[in-house]
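structure-v1.cif follows (mmCIF, C-alpha atoms):
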```cif
data_work
loop_
_atom_site.group_PDB
_atom_site.id
_atom_site.type_symbol
_atom_site.label_atom_id
_atom_site.label_comp_id
_atom_site.auth_asym_id
_atom_site.auth_seq_id
_atom_site.Cartn_x
_atom_site.Cartn_y
_atom_site.Cartn_z
ATOM 1 C CA MET A 513 0.000 0.000 0.000
ATOM 2 C CA PRO A 514 1.322 3.474 -0.823
ATOM 3 C CA GLU A 515 2.328 5.197 2.409
ATOM 4 C CA LEU A 516 2.958 8.833 3.279
ATOM 5 C CA PRO A 517 6.091 9.316 1.089
ATOM 6 C CA GLU A 518 4.468 7.665 -1.942
ATOM 7 C CA VAL A 519 1.237 9.638 -1.605
ATOM 8 C CA GLU A 520 3.201 12.853 -1.028
ATOM 9 C CA THR A 521 5.233 12.173 -4.180
ATOM 10 C CA GLN A 522 2.040 11.735 -6.185
ATOM 11 C CA THR A 523 0.474 14.819 -4.604
ATOM 12 C CA ARG A 524 3.419 17.075 -5.476
ATOM 13 C CA ASP A 525 3.416 15.779 -9.053
ATOM 14 C CA LEU A 526 -0.320 16.352 -9.405
ATOM 15 C CA GLN A 527 -0.083 19.884 -8.035
ATOM 16 C CA LYS A 528 2.241 20.703 -10.940
ATOM 17 C CA SER A 529 0.170 18.914 -13.596
ATOM 18 C CA LEU A 530 -3.427 19.666 -12.607
ATOM 19 C CA LEU A 531 -3.459 23.225 -11.278
ATOM 20 C CA GLY A 532 -5.992 25.285 -13.233
ATOM 21 C CA ARG A 533 -7.148 22.371 -15.345
ATOM 22 C CA LYS A 534 -10.717 21.098 -15.790
ATOM 23 C CA VAL A 535 -11.998 17.567 -16.310
ATOM 24 C CA ILE A 536 -14.052 17.437 -19.500
ATOM 25 C CA ARG A 537 -14.916 13.731 -19.653
ATOM 26 C CA ILE A 538 -14.678 10.575 -17.535
ATOM 27 C CA TRP A 539 -14.154 6.921 -18.462
ATOM 28 C CA THR A 540 -14.198 4.050 -15.958
ATOM 29 C CA ASP A 541 -14.397 0.273 -15.864
ATOM 30 C CA THR A 542 -14.953 0.281 -12.093
ATOM 31 C CA PRO A 543 -17.872 2.653 -11.434
ATOM 32 C CA LYS A 544 -18.475 1.187 -7.956
ATOM 33 C CA ALA A 545 -15.200 2.818 -6.826
ATOM 34 C CA LEU A 546 -16.651 6.304 -7.424
ATOM 35 C CA HIS A 547 -18.711 7.715 -4.559
ATOM 36 C CA PRO A 548 -21.477 8.768 -4.348
ATOM 37 C CA SER A 549 -21.813 7.503 -7.952
ATOM 38 C CA LEU A 550 -20.421 7.757 -11.462
ATOM 39 C CA ARG A 551 -23.404 9.896 -12.422
ATOM 40 C CA ILE A 552 -22.593 12.413 -9.685
ATOM 41 C CA PHE A 553 -18.963 12.525 -10.823
ATOM 42 C CA GLN A 554 -20.103 13.212 -14.387
ATOM 43 C CA THR A 555 -22.556 15.949 -13.452
ATOM 44 C CA GLU A 556 -20.638 17.641 -10.632
ATOM 45 C CA LEU A 557 -16.911 17.122 -11.364
ATOM 46 C CA VAL A 558 -16.850 17.761 -15.102
ATOM 47 C CA GLY A 559 -16.184 21.415 -15.876
ATOM 48 C CA LYS A 560 -14.890 22.354 -12.410
ATOM 49 C CA LYS A 561 -11.471 24.038 -12.192
ATOM 50 C CA ILE A 562 -8.801 22.355 -10.056
ATOM 51 C CA VAL A 563 -7.404 24.912 -7.617
ATOM 52 C CA ARG A 564 -5.106 22.874 -5.347
ATOM 53 C CA VAL A 565 -3.853 19.361 -4.637
ATOM 54 C CA THR A 566 -2.996 18.382 -1.067
ATOM 55 C CA ARG A 567 -2.507 15.249 1.031
ATOM 56 C CA ARG A 568 -3.938 14.046 4.333
ATOM 57 C CA ALA A 569 -2.331 10.831 5.619
ATOM 58 C CA LYS A 570 -2.661 8.386 2.695
ATOM 59 C CA TYR A 571 -5.413 10.384 0.948
ATOM 60 C CA VAL A 572 -4.976 12.698 -2.051
ATOM 61 C CA LEU A 573 -7.300 15.724 -1.923
ATOM 62 C CA ILE A 574 -7.884 17.467 -5.255
ATOM 63 C CA GLU A 575 -9.622 20.725 -4.433
ATOM 64 C CA LEU A 576 -12.061 22.132 -6.970
ATOM 65 C CA GLU A 577 -13.910 25.441 -7.040
ATOM 66 C CA ASN A 578 -16.587 24.194 -4.624
ATOM 67 C CA LEU A 579 -15.851 20.506 -4.053
ATOM 68 C CA ILE A 580 -13.029 18.197 -2.979
ATOM 69 C CA TRP A 581 -12.162 15.068 -4.937
ATOM 70 C CA VAL A 582 -10.710 12.564 -2.445
ATOM 71 C CA THR A 583 -8.705 9.482 -3.488
ATOM 72 C CA HIS A 584 -7.372 6.606 -1.416
ATOM 73 C CA PHE A 585 -5.111 4.251 -3.378
ATOM 74 C CA ARG A 586 -5.590 1.271 -1.018
ATOM 75 C CA MET A 587 -3.224 -1.588 -1.939
ATOM 76 C CA THR A 588 -2.098 -1.022 -5.525
ATOM 77 C CA GLY A 589 -3.404 2.291 -6.824
ATOM 78 C CA HIS A 590 -1.537 5.282 -8.258
ATOM 79 C CA PHE A 591 -2.194 8.137 -10.661
ATOM 80 C CA LEU A 592 -0.550 8.538 -14.058
ATOM 81 C CA VAL A 593 -0.580 11.716 -16.143
ATOM 82 C CA ARG A 594 -0.383 10.914 -19.846
ATOM 83 C CA GLN A 595 -0.677 12.712 -23.141
ATOM 84 C CA SER A 596 -3.813 11.885 -25.090
ATOM 85 C CA GLY A 597 -3.128 9.027 -27.468
ATOM 86 C CA VAL A 598 -0.584 7.232 -25.292
ATOM 87 C CA PRO A 599 -1.719 3.578 -25.139
ATOM 88 C CA ARG A 600 -3.714 2.773 -22.044
ATOM 89 C CA GLU A 601 -1.887 0.761 -19.383
ATOM 90 C CA LYS A 602 -3.333 -2.691 -18.693
ATOM 91 C CA PHE A 603 -4.736 -1.988 -15.246
ATOM 92 C CA VAL A 604 -6.105 1.541 -15.696
ATOM 93 C CA ARG A 605 -9.513 1.730 -14.007
ATOM 94 C CA HIS A 606 -10.441 5.390 -14.482
ATOM 95 C CA ILE A 607 -9.470 8.111 -16.955
ATOM 96 C CA PHE A 608 -10.209 11.791 -16.391
ATOM 97 C CA TYR A 609 -9.743 13.694 -19.655
ATOM 98 C CA LEU A 610 -8.440 17.216 -19.063
ATOM 99 C CA ASP A 611 -9.037 20.396 -21.034
ATOM 100 C CA ASN A 612 -5.405 20.637 -22.178
ATOM 101 C CA GLY A 613 -5.242 17.206 -23.811
ATOM 102 C CA LEU A 614 -3.720 15.396 -20.843
ATOM 103 C CA GLU A 615 -5.308 12.370 -19.228
ATOM 104 C CA LEU A 616 -5.305 11.660 -15.492
ATOM 105 C CA ARG A 617 -5.387 7.878 -15.159
ATOM 106 C CA LEU A 618 -5.833 5.766 -12.046
ATOM 107 C CA GLU A 619 -4.025 2.447 -12.382
ATOM 108 C CA ASP A 620 -5.040 -0.161 -9.814
ATOM 109 C CA ILE A 621 -4.393 -3.889 -10.263
ATOM 110 C CA ARG A 622 -6.588 -5.033 -7.371
ATOM 111 C CA LYS A 623 -9.418 -2.523 -7.837
ATOM 112 C CA PHE A 624 -9.464 -1.546 -4.152
ATOM 113 C CA GLY A 625 -8.814 2.173 -4.694
ATOM 114 C CA GLU A 626 -11.703 4.543 -3.992
ATOM 115 C CA MET A 627 -12.664 8.088 -4.929
ATOM 116 C CA SER A 628 -15.179 10.389 -3.286
ATOM 117 C CA LEU A 629 -16.615 13.749 -4.266
ATOM 118 C CA ILE A 630 -17.333 15.801 -1.131
ATOM 119 C CA TYR A 631 -17.989 19.278 0.158
ATOM 120 C CA SER A 632 -15.425 21.040 2.331
ATOM 121 C CA LYS A 633 -15.716 20.527 6.085
ATOM 122 C CA LYS A 634 -17.176 24.015 6.515
ATOM 123 C CA GLN A 635 -19.637 23.546 3.650
ATOM 124 C CA SER A 636 -20.816 20.222 5.055
ATOM 125 C CA ARG A 637 -21.750 21.953 8.311
ATOM 126 C CA THR A 638 -23.390 25.093 6.917
ATOM 127 C CA LEU A 639 -24.636 24.320 3.407
ATOM 128 C CA TRP A 640 -28.205 23.567 4.422
ATOM 129 C CA GLU A 641 -28.395 26.830 6.364
ATOM 130 C CA GLN A 642 -27.321 29.107 3.501
ATOM 131 C CA PRO A 643 -30.196 30.917 1.755
ATOM 132 C CA GLY A 644 -30.403 29.989 -1.912
ATOM 133 C CA SER A 645 -27.952 27.070 -1.615
ATOM 134 C CA ASP A 646 -28.845 23.889 -3.443
ATOM 135 C CA PRO A 647 -26.634 21.113 -2.085
ATOM 136 C CA VAL A 648 -26.572 17.738 -3.789
ATOM 137 C CA PHE A 649 -27.770 15.369 -1.070
ATOM 138 C CA PRO A 650 -25.651 12.316 -2.086
ATOM 139 C CA ILE A 651 -22.501 14.501 -1.994
ATOM 140 C CA TRP A 652 -23.477 15.896 1.400
ATOM 141 C CA ARG A 653 -24.032 12.375 2.731
ATOM 142 C CA GLU A 654 -20.690 11.194 1.323
ATOM 143 C CA SER A 655 -19.042 14.285 2.835
ATOM 144 C CA GLU A 656 -20.298 13.351 6.291
ATOM 145 C CA GLN A 657 -18.805 9.861 5.977
ATOM 146 C CA VAL A 658 -15.444 10.940 4.555
ATOM 147 C CA TRP A 659 -14.913 13.792 7.012
ATOM 148 C CA LYS A 660 -15.669 11.412 9.873
ATOM 149 C CA LYS A 661 -12.744 9.233 8.702
ATOM 150 C CA LEU A 662 -10.430 12.185 8.104
ATOM 151 C CA ASN A 663 -11.220 13.749 11.483
ATOM 152 C CA GLN A 664 -10.223 10.536 13.256
ATOM 153 C CA LEU A 665 -6.720 10.539 11.759
ATOM 154 C CA GLY A 666 -3.733 11.349 13.923
ATOM 155 C CA PRO A 667 -1.435 14.322 13.258
ATOM 156 C CA GLU A 668 0.817 14.631 10.235
ATOM 157 C CA PRO A 669 4.304 13.578 11.382
ATOM 158 C CA LEU A 670 6.044 16.083 9.118
ATOM 159 C CA ASP A 671 3.977 19.095 10.158
ATOM 160 C CA LYS A 672 5.640 21.749 12.324
ATOM 161 C CA GLY A 673 3.073 21.014 14.994
ATOM 162 C CA PHE A 674 4.324 17.457 15.408
ATOM 163 C CA THR A 675 6.704 18.395 18.191
ATOM 164 C CA LEU A 676 8.274 16.107 20.767
ATOM 165 C CA LEU A 677 5.778 17.434 23.307
ATOM 166 C CA LYS A 678 2.899 16.644 20.932
ATOM 167 C CA PHE A 679 4.284 13.146 20.372
ATOM 168 C CA LYS A 680 4.599 12.512 24.115
ATOM 169 C CA THR A 681 1.001 13.644 24.574
ATOM 170 C CA ILE A 682 -0.183 11.267 21.838
ATOM 171 C CA LEU A 683 1.618 8.322 23.436
ATOM 172 C CA LYS A 684 0.481 9.044 26.992
ATOM 173 C CA GLY A 685 -1.598 6.167 28.280
ATOM 174 C CA LYS A 686 -1.215 4.131 25.074
ATOM 175 C CA LYS A 687 -0.250 0.471 25.357
ATOM 176 C CA GLY A 688 0.774 -2.126 22.809
ATOM 177 C CA SER A 689 3.592 -3.170 20.514
ATOM 178 C CA LEU A 690 5.658 -0.395 18.983
ATOM 179 C CA LYS A 691 5.147 -1.379 15.366
ATOM 180 C CA GLN A 692 1.388 -1.784 15.663
ATOM 181 C CA LYS A 693 1.090 1.651 17.245
ATOM 182 C CA LEU A 694 3.288 3.251 14.585
ATOM 183 C CA MET A 695 0.834 1.942 11.995
ATOM 184 C CA ASP A 696 -2.244 3.100 13.915
ATOM 185 C CA GLN A 697 -3.559 5.902 11.697
ATOM 186 C CA ASN A 698 -5.486 7.385 14.617
ATOM 187 C CA LEU A 699 -2.224 8.032 16.495
ATOM 188 C CA VAL A 700 0.132 9.189 13.723
ATOM 189 C CA ALA A 701 -1.037 9.474 10.127
ATOM 190 C CA GLY A 702 0.588 7.937 7.074
ATOM 191 C CA ILE A 703 2.994 5.264 8.369
ATOM 192 C CA GLY A 704 2.567 1.753 6.966
ATOM 193 C CA ASN A 705 4.483 -1.510 6.941
ATOM 194 C CA ILE A 706 7.571 -0.407 5.022
ATOM 195 C CA TYR A 707 8.355 2.736 6.975
ATOM 196 C CA ALA A 708 7.374 1.185 10.328
ATOM 197 C CA ASP A 709 10.082 -1.460 9.836
ATOM 198 C CA GLU A 710 12.612 1.203 8.894
ATOM 199 C CA ILE A 711 11.663 3.428 11.830
ATOM 200 C CA CYS A 712 11.998 0.569 14.310
ATOM 201 C CA PHE A 713 15.382 -0.359 12.829
ATOM 202 C CA GLU A 714 16.827 3.154 12.919
ATOM 203 C CA SER A 715 15.458 3.699 16.423
ATOM 204 C CA LYS A 716 17.251 0.501 17.525
ATOM 205 C CA LEU A 717 13.980 -0.777 18.989
ATOM 206 C CA HIS A 718 12.499 -4.242 18.540
ATOM 207 C CA PRO A 719 9.106 -3.978 16.794
ATOM 208 C CA LEU A 720 7.476 -5.893 19.675
ATOM 209 C CA SER A 721 8.757 -3.422 22.259
ATOM 210 C CA ARG A 722 5.993 -2.224 24.556
ATOM 211 C CA LEU A 723 5.116 1.365 23.849
ATOM 212 C CA GLU A 724 4.271 2.083 27.475
ATOM 213 C CA LYS A 725 7.721 0.884 28.595
ATOM 214 C CA LEU A 726 9.790 3.210 26.408
ATOM 215 C CA SER A 727 12.023 5.703 28.214
ATOM 216 C CA LEU A 728 11.898 9.430 27.495
ATOM 217 C CA THR A 729 15.239 9.093 25.691
ATOM 218 C CA GLN A 730 13.823 6.342 23.472
ATOM 219 C CA ILE A 731 10.682 8.368 22.752
ATOM 220 C CA LYS A 732 12.804 11.364 21.773
ATOM 221 C CA LYS A 733 14.887 9.198 19.437
ATOM 222 C CA LEU A 734 11.749 7.622 17.965
ATOM 223 C CA HIS A 735 10.260 11.062 17.268
ATOM 224 C CA GLU A 736 13.418 12.155 15.459
ATOM 225 C CA VAL A 737 13.644 8.952 13.414
ATOM 226 C CA ILE A 738 9.995 9.061 12.308
ATOM 227 C CA ARG A 739 10.579 12.458 10.724
ATOM 228 C CA GLN A 740 13.989 11.540 9.283
ATOM 229 C CA VAL A 741 12.821 8.316 7.634
ATOM 230 C CA LEU A 742 9.689 9.846 6.132
ATOM 231 C CA LYS A 743 11.602 12.865 4.801
ATOM 232 C CA ARG A 744 14.132 10.521 3.227
ATOM 233 C CA GLY A 745 11.317 8.511 1.672
ATOM 234 C CA ILE A 746 9.946 11.675 0.070
ATOM 235 C CA GLN A 747 13.423 12.794 -1.018
ATOM 236 C CA TYR A 748 13.834 9.507 -2.920
ATOM 237 C CA ARG A 749 10.281 9.752 -4.286
ATOM 238 C CA GLY A 750 8.860 6.745 -2.498
ATOM 239 C CA THR A 751 9.460 3.015 -2.401
ATOM 240 C CA THR A 752 8.819 0.774 -5.390
ATOM 241 C CA ILE A 753 8.706 -2.817 -4.199
ATOM 242 C CA GLY A 754 5.338 -3.508 -5.798
ATOM 243 C CA GLU A 755 3.316 -1.386 -8.182
ATOM 244 C CA PHE A 756 4.106 2.147 -7.040
ATOM 245 C CA VAL A 757 5.362 4.675 -9.606
ATOM 246 C CA ASP A 758 5.100 8.453 -9.823
ATOM 247 C CA THR A 759 2.662 10.203 -12.150
ATOM 248 C CA LYS A 760 5.097 9.830 -15.067
ATOM 249 C CA GLY A 761 5.400 6.087 -14.486
ATOM 250 C CA ARG A 762 8.861 6.233 -12.900
ATOM 251 C CA PRO A 763 9.735 4.049 -9.879
ATOM 252 C CA GLY A 764 10.779 5.517 -6.565
ATOM 253 C CA GLY A 765 14.268 5.079 -5.152
ATOM 254 C CA PHE A 766 13.860 4.413 -1.424
ATOM 255 C CA GLN A 767 13.808 0.630 -1.962
ATOM 256 C CA ASN A 768 17.546 0.918 -2.597
ATOM 257 C CA LEU A 769 18.042 2.343 0.896
ATOM 258 C CA VAL A 770 15.897 0.038 3.054
ATOM 259 C CA GLN A 771 17.785 -1.493 5.960
ATOM 260 C CA ALA A 772 15.104 -3.828 7.326
ATOM 261 C CA TYR A 773 11.947 -4.123 5.234
ATOM 262 C CA GLY A 774 12.046 -7.130 2.885
ATOM 263 C CA ARG A 775 15.586 -8.138 3.927
ATOM 264 C CA LYS A 776 14.803 -11.345 5.854
ATOM 265 C CA GLY A 777 17.882 -13.603 6.059
ATOM 266 C CA LYS A 778 20.256 -10.911 4.831
ATOM 267 C CA PRO A 779 23.037 -9.481 7.024
ATOM 268 C CA CYS A 780 22.272 -6.417 9.109
ATOM 269 C CA LEU A 781 23.930 -3.397 7.533
ATOM 270 C CA CYS A 782 25.111 -2.308 10.989
ATOM 271 C CA CYS A 783 26.388 -5.490 12.649
ATOM 272 C CA GLY A 784 26.234 -8.324 10.102
ATOM 273 C CA THR A 785 23.735 -10.441 12.073
ATOM 274 C CA LEU A 786 21.166 -12.144 9.853
ATOM 275 C CA LEU A 787 17.854 -10.316 9.932
ATOM 276 C CA LYS A 788 14.793 -12.197 11.175
ATOM 277 C CA ARG A 789 11.145 -12.097 10.180
ATOM 278 C CA ILE A 790 8.169 -12.253 12.519
ATOM 279 C CA VAL A 791 4.505 -11.305 12.230
ATOM 280 C CA VAL A 792 3.306 -8.246 14.119
ATOM 281 C CA GLY A 793 -0.349 -7.312 13.834
ATOM 282 C CA GLN A 794 -0.740 -9.662 10.850
ATOM 283 C CA ARG A 795 2.046 -7.872 8.999
ATOM 284 C CA GLY A 796 5.385 -9.375 8.039
ATOM 285 C CA THR A 797 8.104 -7.631 10.033
ATOM 286 C CA VAL A 798 11.887 -7.745 9.591
ATOM 287 C CA PHE A 799 14.336 -6.749 12.329
ATOM 288 C CA CYS A 800 17.866 -7.254 13.632
ATOM 289 C CA PRO A 801 17.885 -9.454 16.773
ATOM 290 C CA LYS A 802 21.167 -7.877 17.904
ATOM 291 C CA CYS A 803 20.751 -4.167 17.151
ATOM 292 C CA GLN A 804 17.086 -3.747 18.046
ATOM 293 C CA LYS A 805 16.420 -3.857 21.768
ATOM 294 C CA LEU A 806 13.244 -5.483 23.081
ATOM 295 C CA VAL A 807 11.720 -3.172 25.679
ATOM 296 C CA SER A 808 9.091 -5.056 27.675
#
```

With the file now loaded, output its structure as structure tokens.
Amino acid sequence: MPELPEVETQTRDLQKSLLGRKVIRIWTDTPKALHPSLRIFQTELVGKKIVRVTRRAKYVLIELENLIWVTHFRMTGHFLVRQSGVPREKFVRHIFYLDNGLELRLEDIRKFGEMSLIYSKKQSRTLWEQPGSDPVFPIWRESEQVWKKLNQLGPEPLDKGFTLLKFKTILKGKKGSLKQKLMDQNLVAGIGNIYADEICFESKLHPLSRLEKLSLTQIKKLHEVIRQVLKRGIQYRGTTIGEFVDTKGRPGGFQNLVQAYGRKGKPCLCCGTLLKRIVVGQRGTVFCPKCQKLVS
């Protein structure tokens, strides 16, 4: 699944490609992935100018003049921006034809990716109260559901507000294994399996370490490493170990730097000990039994 660095890479690419553009036509072979419906997308999205592209956790938010187009890639999704006439990739599920001849394509092998058309948070609260407003009820209903999910997400780990004090506050009273809590989107947004393994490795902490047993020194180190690893992931434009590519179809580069993820049975890059694999929270997890201390 694309994680924060992969989604951020896509978001930055889309901001450059889509700003000021309008969708003029839509094609899809997976209409059930469009919420509230394909018909709503065709009537409400087409013709609207794109004014900004942002990210929240693993979601891409394409802001229009009066709506927000929200995409979650799930397991295998990613956007491609292609010139009209370029042969369609095998697993393209949706094409949004733009007014400048470009095509925004969503490629998704497993068809789990989803898109929603919603009102802004403020609009969702006040739209029915505004004289003369004519909200589309299915969009309003979808907005309520999507904003409920977005509001439950933890803070962005690369925001200025994600201070050590903020991190300590988030962890206060929380119990469980370190890796599972790193991947809990309600605590910290955007970290998945790949970067959780890397964060545990660079923090020198066993992924099964108990969160509630970490010392203040270990928490401080963990906070620093979370930000360092994610920034490095963005710098190298994401990790391509599966399907992920940027909007031009180019693979990321962070897979060449991983020290733990996917390296079961290979020597630790720090001490030479063979890395081991366990399952944590139903996710395959690779760690160094010598370098990574189990805090329990």

(request) Tell me, as a count of residues only, which residues lie within 12 Å of stretch 624-628 of chain A, counting only C-alpha atoms; anything in the same chain fewer than 3 positions away does not count. (result) 53

Which residues are close to stretch 706-711 of chain A, i.e. within 7 Å by all atoms listed in the file, leaving aside same-chain residues fewer than 4 positions away? Reply as an mmCIF file with C-alpha atoms, in the frame of the given file.
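Dumped to part.cif:
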```cif
data_model
loop_
_atom_site.group_PDB
_atom_site.id
_atom_site.type_symbol
_atom_site.label_atom_id
_atom_site.label_comp_id
_atom_site.auth_asym_id
_atom_site.auth_seq_id
_atom_site.Cartn_x
_atom_site.Cartn_y
_atom_site.Cartn_z
ATOM 1 C CA LYS A 691 5.147 -1.379 15.366
ATOM 2 C CA LEU A 694 3.288 3.251 14.585
ATOM 3 C CA MET A 695 0.834 1.942 11.995
ATOM 4 C CA SER A 715 15.458 3.699 16.423
ATOM 5 C CA VAL A 737 13.644 8.952 13.414
ATOM 6 C CA ILE A 738 9.995 9.061 12.308
ATOM 7 C CA VAL A 741 12.821 8.316 7.634
ATOM 8 C CA VAL A 770 15.897 0.038 3.054
ATOM 9 C CA GLN A 771 17.785 -1.493 5.960
ATOM 10 C CA ALA A 772 15.104 -3.828 7.326
ATOM 11 C CA TYR A 773 11.947 -4.123 5.234
ATOM 12 C CA THR A 797 8.104 -7.631 10.033
ATOM 13 C CA VAL A 798 11.887 -7.745 9.591
#
```

(request) Go ahead and compute the interatomic distance for atom CA of A:Ser529 and atom CA of A:Leu670, in Å to one decimal. (result) 23.6 Å

(request) Please write as a list of chain:residue names the full residue list that the PyMOL selection byres ((chain A and resi 792) around 8) yields on this file. (result)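 Written out, the selection comes to A:Lys691, A:Gln692, A:Pro719, A:Leu720, A:Ile790, A:Val791, A:Gly793, A:Gln794, A:Arg795, A:Gly796, A:Thr797.
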
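Between atom CA of A:Arg617 and atom CA of A:Pro599 there is a distance of 11.5 Å.
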
(message) Rounded to one decimal, what separation in Å do you get between atom CA of A:Gly774 and atom CA of A:Phe713?
(response)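 Atom CA of A:Phe713 lies 12.5 Å from atom CA of A:Gly774.
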
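Using only C-alpha atoms for every distance, the candidate list A:Asp696, A:Ser689, A:Asn705, A:Val807 yields A:Val807 as the residue closest to A:Lys725.
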
(request) Return the single residue from A:Gly761, A:Gly688, A:Gly613, A:Gly777 that is closest to A:Ser808, with distances computed using only C-alpha atoms. (result) A:Gly688

(message) If we count only C-alpha atoms and set the cut-off at 10 Å, which residues sit around stretch 726-734 of chain A, ignoring sequence neighbours fewer than 5 positions away in its own chain? Please answer as a list in words.
(response)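 Once the nearby chain positions are removed, what remains is Thr675, Leu676, Leu677, Phe679, Lys680, Leu683, Leu690, Ile711, Cys712, Glu714, Ser715, Lys716, Leu717, Ser721, Arg739, Gln740, Leu806, Val807 and Ser808 of chain A.
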
(message) Assuming the chain letters and numbering stay as they are in my file, what does the PyMOL selection byres ((chain A and resi 756) around 8) actually select? List them as JSON, numbers by chain.
(response) {"A": [514, 518, 588, 589, 590, 751, 752, 753, 754, 755, 757, 758, 763, 764]}

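Of the residues under consideration (A:Gln697, A:Thr759, A:Asn612, A:Thr566), A:Asn612 shows the shortest atom-to-atom contact distance to A:Lys534 when counting all atoms listed in the file.
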
(request) Please write as a PyMOL selection string the list of polymer residues whose atoms come within 12 Å of (4.0, 13.4, -0.3), counting only C-alpha atoms and keeping to the coordinates of the file. (result) chain A and resi 514-527+565-573+668-671+702-703+742-751+758

(request) Report as a ChimeraX atom specification the residues that result from applying the PyMOL selection byres ((chain A and resi 595) around 8) to the structure here. (result) /A:593-594,596-598,613-615

Writer output for current selection, C-alpha atoms, as an mmCIF file, in the coordinates of the input:
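Ended up saving to selection_27.cif:
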```cif
data_model
loop_
_atom_site.group_PDB
_atom_site.id
_atom_site.type_symbol
_atom_site.label_atom_id
_atom_site.label_comp_id
_atom_site.auth_asym_id
_atom_site.auth_seq_id
_atom_site.Cartn_x
_atom_site.Cartn_y
_atom_site.Cartn_z
ATOM 1 C CA VAL A 593 -0.580 11.716 -16.143
ATOM 2 C CA ARG A 594 -0.383 10.914 -19.846
ATOM 3 C CA SER A 596 -3.813 11.885 -25.090
ATOM 4 C CA GLY A 597 -3.128 9.027 -27.468
ATOM 5 C CA VAL A 598 -0.584 7.232 -25.292
ATOM 6 C CA GLY A 613 -5.242 17.206 -23.811
ATOM 7 C CA LEU A 614 -3.720 15.396 -20.843
ATOM 8 C CA GLU A 615 -5.308 12.370 -19.228
#
```

(message) Given the point (17.8, -9.5, 10.9) in the coordinates of this file, which residues lie within 8 Å, counting all atoms listed in the file, and how would they look as a PyMOL selection string?
(response) chain A and resi 772+775-780+785-789+798-802
